[in-house]
Amino acid sequence: MKVFAISDLHLSINNPKPMDIFGPVWDNYLDKIILDWKSKVGKEDVVLLAGDHSWAMKLEDATSDLEFISSLPGIKILIRGNHDYWWSAIGKVRSKLPQNMYALQNDSLKIGNYIFCGTRGWSLDDEKLVSRELIRLEMSLKDAIKKRTENEKIICMLHFPPFDKFYNETEFTKLIEKYNVDFVVYGHLHLPSNKNAKKVIIHNNVKYFLTSCDILNNTLTEII
């Protein structure tokens, strides 16, 4: 079983929203993602989607976008992004997900030798929301630790970057290290303002992957 990641698909299947206004990298971007996804991912592989899945405002309007993701190979694990306004109560979200899709919120999911956890995170300049997201992250990490019976790898998903723009440590990275996370995936950053963002960094033995689809030229990155 392999683990891949991508984020910020910003789908609008039923109510098409042109993404090429954000730059040429978005021209036919879904065709590129589909081609790359199908060339890499097998039925038993896991694909992590780190937020901003759909432009829909209501859960029922996001159904076609979720079905599009479901139609691609692999097991999908989702967390909420800042633009996922359709993401309502977690029970309702999970009830609408196809069989091969899972949504994380304040908990974790164990598949094989991997345990997946995480939360949305937030911009570091908003202390109130950061504090709330830190609580949610720790709840998810604690749940992951409970499920760790041997040497399973812990993979944490965030939508917002867990560090500042200079890659300095934050309360998010401190929690990640406290609970011995192995890998972290995150998104949210986009071109052109983040053209120099590092796609992969290692900090205190934790490997961090930036997975925004435009920054990765609309390809999935292999985590492990």
# chains A, B, ... in the order shown; residues from 1 in each chain; ligands from 1
call {"tool": "residues_around", "arguments": {"residues": "range 205-209 of chain A", "least_positions_apart": "4", "cutoff": "7 Å", "atoms": "only C-alpha atoms", "output": "JSON, numbers by chain"}}
result
{"A": [181, 182, 183, 184, 185, 186, 199, 200, 201]}
call {"tool": "write_last_selection", "arguments": {"atoms": "all heavy atoms", "output": "short mmCIF file (atom, residue, chain, number, x, y, z; two decimals), in the first residue's frame"}}
result
data_model
loop_
_atom_site.label_atom_id
_atom_site.label_comp_id
_atom_site.auth_asym_id
_atom_site.auth_seq_id
_atom_site.Cartn_x
_atom_site.Cartn_y
_atom_site.Cartn_z
N VAL A 181 4.80 12.32 15.36
CA VAL A 181 4.28 12.19 14.00
C VAL A 181 5.44 11.96 13.04
O VAL A 181 6.52 12.53 13.20
CB VAL A 181 3.49 13.46 13.61
CG1 VAL A 181 3.13 13.46 12.13
CG2 VAL A 181 2.23 13.59 14.47
N ASP A 182 5.21 11.13 12.04
CA ASP A 182 6.25 10.82 11.06
C ASP A 182 6.20 11.73 9.83
O ASP A 182 7.24 12.19 9.35
CB ASP A 182 6.12 9.36 10.62
CG ASP A 182 6.34 8.39 11.77
OD1 ASP A 182 7.49 8.21 12.17
OD2 ASP A 182 5.34 7.85 12.29
N PHE A 183 4.99 11.97 9.34
CA PHE A 183 4.83 12.76 8.13
C PHE A 183 3.68 13.74 8.31
O PHE A 183 2.69 13.43 8.99
CB PHE A 183 4.53 11.88 6.91
CG PHE A 183 5.54 10.79 6.68
CD1 PHE A 183 5.29 9.50 7.12
CD2 PHE A 183 6.72 11.06 6.01
CE1 PHE A 183 6.21 8.49 6.90
CE2 PHE A 183 7.65 10.05 5.79
CZ PHE A 183 7.40 8.76 6.23
N VAL A 184 3.80 14.92 7.67
CA VAL A 184 2.73 15.91 7.67
C VAL A 184 2.49 16.37 6.24
O VAL A 184 3.44 16.64 5.49
CB VAL A 184 3.10 17.14 8.53
CG1 VAL A 184 2.01 18.21 8.45
CG2 VAL A 184 3.32 16.73 9.98
N VAL A 185 1.21 16.44 5.84
CA VAL A 185 0.87 17.01 4.55
C VAL A 185 0.00 18.25 4.79
O VAL A 185 -0.80 18.28 5.72
CB VAL A 185 0.13 16.00 3.64
CG1 VAL A 185 0.98 14.76 3.43
CG2 VAL A 185 -1.22 15.61 4.20
N TYR A 186 0.17 19.25 3.96
CA TYR A 186 -0.62 20.49 4.08
C TYR A 186 -0.75 21.13 2.71
O TYR A 186 -0.04 20.80 1.76
CB TYR A 186 0.02 21.45 5.08
CG TYR A 186 1.36 22.01 4.64
CD1 TYR A 186 1.43 23.25 4.01
CD2 TYR A 186 2.54 21.31 4.84
CE1 TYR A 186 2.66 23.76 3.61
CE2 TYR A 186 3.76 21.81 4.45
CZ TYR A 186 3.82 23.03 3.82
OH TYR A 186 5.02 23.54 3.40
N LYS A 199 8.61 22.42 -1.32
CA LYS A 199 7.65 21.33 -1.47
C LYS A 199 7.82 20.25 -0.39
O LYS A 199 6.86 19.62 0.02
CB LYS A 199 7.76 20.72 -2.86
CG LYS A 199 7.43 21.69 -3.99
CD LYS A 199 7.55 21.00 -5.33
CE LYS A 199 7.19 21.95 -6.47
NZ LYS A 199 8.19 23.01 -6.65
N VAL A 200 9.05 20.05 0.03
CA VAL A 200 9.34 19.04 1.06
C VAL A 200 10.42 19.59 1.98
O VAL A 200 11.44 20.12 1.50
CB VAL A 200 9.85 17.71 0.45
CG1 VAL A 200 10.10 16.68 1.56
CG2 VAL A 200 8.86 17.17 -0.56
N ILE A 201 10.18 19.52 3.29
CA ILE A 201 11.22 19.88 4.24
C ILE A 201 11.22 18.86 5.38
O ILE A 201 10.20 18.21 5.64
CB ILE A 201 11.06 21.31 4.82
CG1 ILE A 201 9.83 21.39 5.73
CG2 ILE A 201 10.99 22.35 3.73
CD1 ILE A 201 9.82 22.65 6.56
#
call {"tool": "residues_around", "arguments": {"residues": "Leu59 in chain A", "least_positions_apart": "2", "cutoff": "8 Å", "atoms": "only C-alpha atoms", "output": "ChimeraX atom specification"}}
result
/A:56-57,61-63,86-88,93
call {"tool": "closest_residue", "arguments": {"among": "A:Phe68, A:Tyr85, A:Tyr179, A:Phe172", "to": "Arg132 in chain A", "atoms": "only C-alpha atoms"}}
result
A:Phe172
call {"tool": "residues_around", "arguments": {"residues": "range 146-159 of chain A", "least_positions_apart": "3", "cutoff": "7 Å", "atoms": "only C-alpha atoms", "output": "list in words"}}
result
Ala50, Gly51, Gly81, Asn113, Tyr114, Ile115, Phe116, Cys117, Gly118, Thr119, Arg120, Gly121, Lys142, Asp143, Val181, Asp182, Phe183, Val184, Val185, Tyr186, Gly187 and His188 of chain A
call {"tool": "atom_distance", "arguments": {"atom1": "CA of Val47 in chain A", "atom2": "CA of Ile75 in chain A"}}
result
6.0 Å
call {"tool": "select_by_dssp", "arguments": {"residues": "range 60-212 of chain A", "states": "alpha helix (DSSP H)", "output": "number ranges by chain"}}
result
A: 63-70, 90-96, 127-147, 171-178
